[in-house]
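*Asks:* My structure is below; once you've seen it, I'll send some questions.
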Amino acid sequence: MKAVPSKDDLGRQPLILAPLRGVTDAIFRTTFAECFDGVAHAVAPFISTVRGSKVKPKLLRDMLPERNAHLPVIPQILGKDPEEFVTMARALFDLGYDTVNWNLGCPYPMVAKKGRGSGLLPYADRIATFLHAVIPAMGARLSIKTRLGRFSDNEIDALLPLFNTFPLREVIIHPRTGVQMYTGRADRDRFGECFALSRHPVVYNGDIDSLATFTKLAKRFPGVSGWMLGRGLIANPFMAEEIAGAVLTEEDRVVRFHHFHNLLMARYAAVLSGPSHLVQRMKGLWQYFGRPFANGYQVIKRIHKTRYPDQLKAVTERFFTDEARWQSDPPEGRLLVPLKKAS
Ligand SMILES: Cc1cc2nc3c(=O)[nH]c(=O)nc-3n(C[C@H](O)[C@H](O)[C@H](O)COP(=O)(O)O)c2cc1C
């Protein structure tokens, strides 16, 4: 039997902004929540554990409550050492966070090879030892974000019964393996099997790229405790509103996207050191922002050639005021991967 959903899970299942390191920092989350509706909370990109008994304030800056006033957020920690994890979790608890998420999904070889993130998934014994040590000591409640395994999609079969023996807040499942990175498709059949095995609230995460995809999944898994949206929502920031039933004109979308973009850029300009950092950050975002537009590839290409903020701004202003063509029914998967010339 499933645990009773917590208070914010009652009623409509929440839509949750996924953590994307390098994208969904506090400025992005806050600006997003000011400009778009429909997201209940976010999970923040991971903070790595550090040695020693003190956490440098710099590491916690993004999680300061005053920087996260517009959207509730759950901090995430990446690490494998129980003592270091508890130190970080307590520092976050002291900032006022009652739940902390453990990253068991990071697929990057630099992380996984060191037995962190998805690199821990083949080792149920290490995970058991970790949870025994951490849960009673950390103050806050623990939620877990996981993939199906590192090398194989059945490593999780040994983990879910183990998770069931601990008082977890929820388990967020992205049904891919670590070695898969972001290739192939999220495996919905395996998600369904894992969902059935968990006694904890389970959040679905992976490849939600349109209202149609969401609707299909919602019909198939009506009992999940939430839906986590990443790349699709960053590319189409109206997706949570669409899921909630909003009908938006193309003009609305372009005007609101324009406003969001300029606000975000102004806020980054105020905190990033130097114009090249700003340009780099905006170029990274445009890898996503271009995707919902029929002429997105062309604007990304022009943005890519800019070197200074003023040049970038000139390109984006022209795009939003004269050129942007919203694609209302993008082909499946278009919002999830970088645009190619022909798209
Ligand atoms: C650039 C990038 C950075 C990511 N950073 C994190 C992270 O810090 N923590 C985490 O748990 N997942 C991270 N993820 C994974 C996403 O949270 C999410 O699980 C994944 O993108 C699948 O969901 P989606 O198909 O809705 O994007 C990252 C993904 C990408 C593409």
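Starting from 1 in every chain, residues are counted up; chains themselves are A, B, ... following the order of the structure tokens, and ligands are numbered from 1 as listed.
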Please write out the residues within 8 Å of ligand 1 as a PyMOL selection string, counting only C-alpha atoms and all ligand atoms.
*Replies:* chain A and resi 18-23+43-47+76+103-106+145-146+174+182+186+205-209+228-233+336
*Asks:* Can you list, as JSON, numbers by chain, every protein, DNA or RNA residue that comes within 12 Å of Gly117 of chain A when you count only C-alpha atoms, leaving out same-chain residues fewer than 4 positions away?
*Replies:* {"A": [46, 47, 48, 49, 76, 77, 78, 79, 80, 81, 101, 102, 103, 104, 105, 106, 107, 108, 109, 110, 111, 112, 113, 121, 122, 123, 127, 144, 145, 146, 147, 148, 149, 150, 177, 178, 179]}
*Asks:* Selection from above, C-alpha atoms, as an mmCIF file, in the first residue's frame, can you write it?
*Replies:*
data_model
loop_
_atom_site.group_PDB
_atom_site.id
_atom_site.type_symbol
_atom_site.label_atom_id
_atom_site.label_comp_id
_atom_site.auth_asym_id
_atom_site.auth_seq_id
_atom_site.Cartn_x
_atom_site.Cartn_y
_atom_site.Cartn_z
ATOM 1 C CA PHE A 46 22.850 19.191 -6.715
ATOM 2 C CA ILE A 47 25.312 20.551 -4.196
ATOM 3 C CA SER A 48 28.252 18.172 -3.758
ATOM 4 C CA THR A 49 29.233 17.054 -0.276
ATOM 5 C CA GLN A 76 19.552 18.234 -3.559
ATOM 6 C CA ILE A 77 22.827 16.694 -2.392
ATOM 7 C CA LEU A 78 25.261 14.568 -4.392
ATOM 8 C CA GLY A 79 27.558 12.389 -2.301
ATOM 9 C CA LYS A 80 28.302 8.925 -0.982
ATOM 10 C CA ASP A 81 29.866 9.545 2.408
ATOM 11 C CA ASN A 101 16.852 15.133 -1.919
ATOM 12 C CA TRP A 102 19.621 12.587 -2.494
ATOM 13 C CA ASN A 103 20.933 12.432 -6.066
ATOM 14 C CA LEU A 104 21.195 8.780 -7.115
ATOM 15 C CA GLY A 105 20.823 9.523 -10.789
ATOM 16 C CA CYS A 106 23.707 11.670 -12.041
ATOM 17 C CA PRO A 107 25.006 9.782 -15.101
ATOM 18 C CA TYR A 108 28.189 11.709 -15.868
ATOM 19 C CA PRO A 109 31.199 9.357 -15.876
ATOM 20 C CA MET A 110 33.283 11.759 -13.734
ATOM 21 C CA VAL A 111 30.649 11.403 -11.014
ATOM 22 C CA ALA A 112 29.471 7.820 -11.548
ATOM 23 C CA LYS A 113 32.966 6.329 -11.724
ATOM 24 C CA LEU A 121 23.025 2.101 -8.002
ATOM 25 C CA PRO A 122 24.727 -1.298 -8.519
ATOM 26 C CA TYR A 123 25.650 -1.373 -4.800
ATOM 27 C CA ILE A 127 23.099 2.322 -0.184
ATOM 28 C CA ILE A 144 15.530 10.228 -3.441
ATOM 29 C CA LYS A 145 15.920 10.915 -7.150
ATOM 30 C CA THR A 146 17.053 7.837 -9.019
ATOM 31 C CA ARG A 147 17.502 6.186 -12.387
ATOM 32 C CA LEU A 148 16.761 2.505 -13.049
ATOM 33 C CA GLY A 149 20.380 1.544 -12.574
ATOM 34 C CA ARG A 150 23.809 2.478 -13.789
ATOM 35 C CA THR A 177 20.043 3.848 -16.927
ATOM 36 C CA GLY A 178 23.066 5.972 -16.132
ATOM 37 C CA VAL A 179 25.095 4.746 -19.096
#
*Asks:* Atom CA of Pro309 of chain A to atom CA of Ala26 of chain A: how many Å, to one decimal?
*Replies:*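 Taking atom CA of Pro309 of chain A as the start and atom CA of Ala26 of chain A as the end point, the length is 21.3 Å.
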*Asks:* Using only C-alpha atoms, determine which residues lie at most 7 Å from Ala324 of chain A, disregarding the query and same-chain residues fewer than 5 positions distant; provide the list as a list in words.
*Replies:*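 My list of contacting residues is Phe293, Asn295 and Phe319 of chain A.
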*Asks:* Can you write just those residues out, C-alpha atoms, as an mmCIF file, in the first residue's frame?
*Replies:*
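What follows is the written file selection04.cif:
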data_model
loop_
_atom_site.group_PDB
_atom_site.id
_atom_site.type_symbol
_atom_site.label_atom_id
_atom_site.label_comp_id
_atom_site.auth_asym_id
_atom_site.auth_seq_id
_atom_site.Cartn_x
_atom_site.Cartn_y
_atom_site.Cartn_z
ATOM 1 C CA PHE A 293 9.914 28.054 -32.310
ATOM 2 C CA ASN A 295 12.531 29.219 -36.766
ATOM 3 C CA PHE A 319 13.572 37.744 -32.952
#
*Asks:* How many Å separate atom CA of Gly119 of chain A from atom CA of Arg334 of chain A?
*Replies:* 29.0 Å
*Asks:* I'd like to know which residues of segment 60-272 of chain A are strand (DSSP E or B) (by DSSP, run on the backbone); could you write them as a PyMOL selection string?
*Replies:* chain A and resi 73-78+99-104+141-149+171-177+202-205+226-229
*Asks:* Given the choices A:Phe221, A:Phe166, A:Tyr297, A:Phe93, which gets closest to Glu193 of chain A if the distance is worked out from only C-alpha atoms?
*Replies:* A:Phe221
*Asks:* Taking only C-alpha atoms into account, name the residue in A:Ala124, A:Leu264, A:Met282, A:Val255 that is nearest to Phe320 of chain A.
*Replies:*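 With only C-alpha atoms as the atom set, the closest residue is A:Val255.
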*Asks:* Can you work out the spacing between atom CA of Leu60 of chain A and atom CA of Phe85 of chain A in Å, to one decimal?
*Replies:*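 A separation of 13.8 Å between them.
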*Asks:* Among the residues of segment 162-337 of chain A, find those DSSP assigns to helix (DSSP H, G or I) from the backbone and print them as a VMD selection string.
*Replies:* chain A and resid 162 to 164 188 to 197 211 to 220 231 to 235 239 to 243 250 to 271 275 to 289 296 to 304 309 to 323 334 to 336
*Asks:* For Asn68 of chain A, work out the shell of residues within 8 Å, counting only C-alpha atoms and skipping chain neighbours fewer than 4 positions away, then give it as a VMD selection string.
*Replies:* chain A and resid 26 29 to 30 63 to 64 72 to 73
*Asks:* With N, CA and C atoms retained, write the just-selected residues as a PDB file, in the first residue's frame.
*Replies:*
ATOM      1  N   ALA A  26      18.799  29.627  -8.670  1.00  0.00           N
ATOM      2  CA  ALA A  26      17.751  30.388  -7.967  1.00  0.00           C
ATOM      3  C   ALA A  26      17.208  31.523  -8.840  1.00  0.00           C
ATOM      4  N   ARG A  29      14.847  29.893 -11.341  1.00  0.00           N
ATOM      5  CA  ARG A  29      13.614  29.381 -10.699  1.00  0.00           C
ATOM      6  C   ARG A  29      12.685  30.519 -10.316  1.00  0.00           C
ATOM      7  N   THR A  30      13.278  31.559  -9.719  1.00  0.00           N
ATOM      8  CA  THR A  30      12.479  32.694  -9.245  1.00  0.00           C
ATOM      9  C   THR A  30      11.830  33.423 -10.418  1.00  0.00           C
ATOM     10  N   MET A  63      20.736  28.475  -2.197  1.00  0.00           N
ATOM     11  CA  MET A  63      19.597  27.951  -1.416  1.00  0.00           C
ATOM     12  C   MET A  63      19.130  28.926  -0.332  1.00  0.00           C
ATOM     13  N   LEU A  64      19.735  30.103  -0.250  1.00  0.00           N
ATOM     14  CA  LEU A  64      19.289  31.048   0.785  1.00  0.00           C
ATOM     15  C   LEU A  64      17.804  31.340   0.600  1.00  0.00           C
ATOM     16  N   PRO A  72       8.725  27.384  -3.869  1.00  0.00           N
ATOM     17  CA  PRO A  72       9.283  26.460  -2.881  1.00  0.00           C
ATOM     18  C   PRO A  72      10.291  25.536  -3.558  1.00  0.00           C
ATOM     19  N   VAL A  73      11.338  25.203  -2.842  1.00  0.00           N
ATOM     20  CA  VAL A  73      12.387  24.392  -3.462  1.00  0.00           C
ATOM     21  C   VAL A  73      12.902  23.350  -2.471  1.00  0.00           C
TER      22      VAL A  73
END
*Asks:* Compile the contact shell of Ile27 of chain A as a ChimeraX atom specification: residues with an atom at most 12 Å away, counting only C-alpha atoms, same-chain residues fewer than 3 positions apart removed.
*Replies:* /A:22-24,30-34,44,61-64,66-71,260-261,263-272,281
*Asks:* Set the distance at 12 Å and use only C-alpha atoms: which residues neighbour Asp94 of chain A once local chain neighbours fewer than 4 positions away are removed? I'd like the list as a PyMOL selection string.
*Replies:* chain A and resi 55+60+63-65+86-90+98-100+138-140
*Asks:* Report as a list of chain:residue names all protein, DNA and RNA residues lying within 6 Å of Ala235 of chain A, evaluated on only C-alpha atoms, omitting residues in the same chain fewer than 3 positions from it.
*Replies:*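 So the residues in contact are A:Gly232, A:Tyr288, A:Phe289, A:Arg291, A:Leu335.
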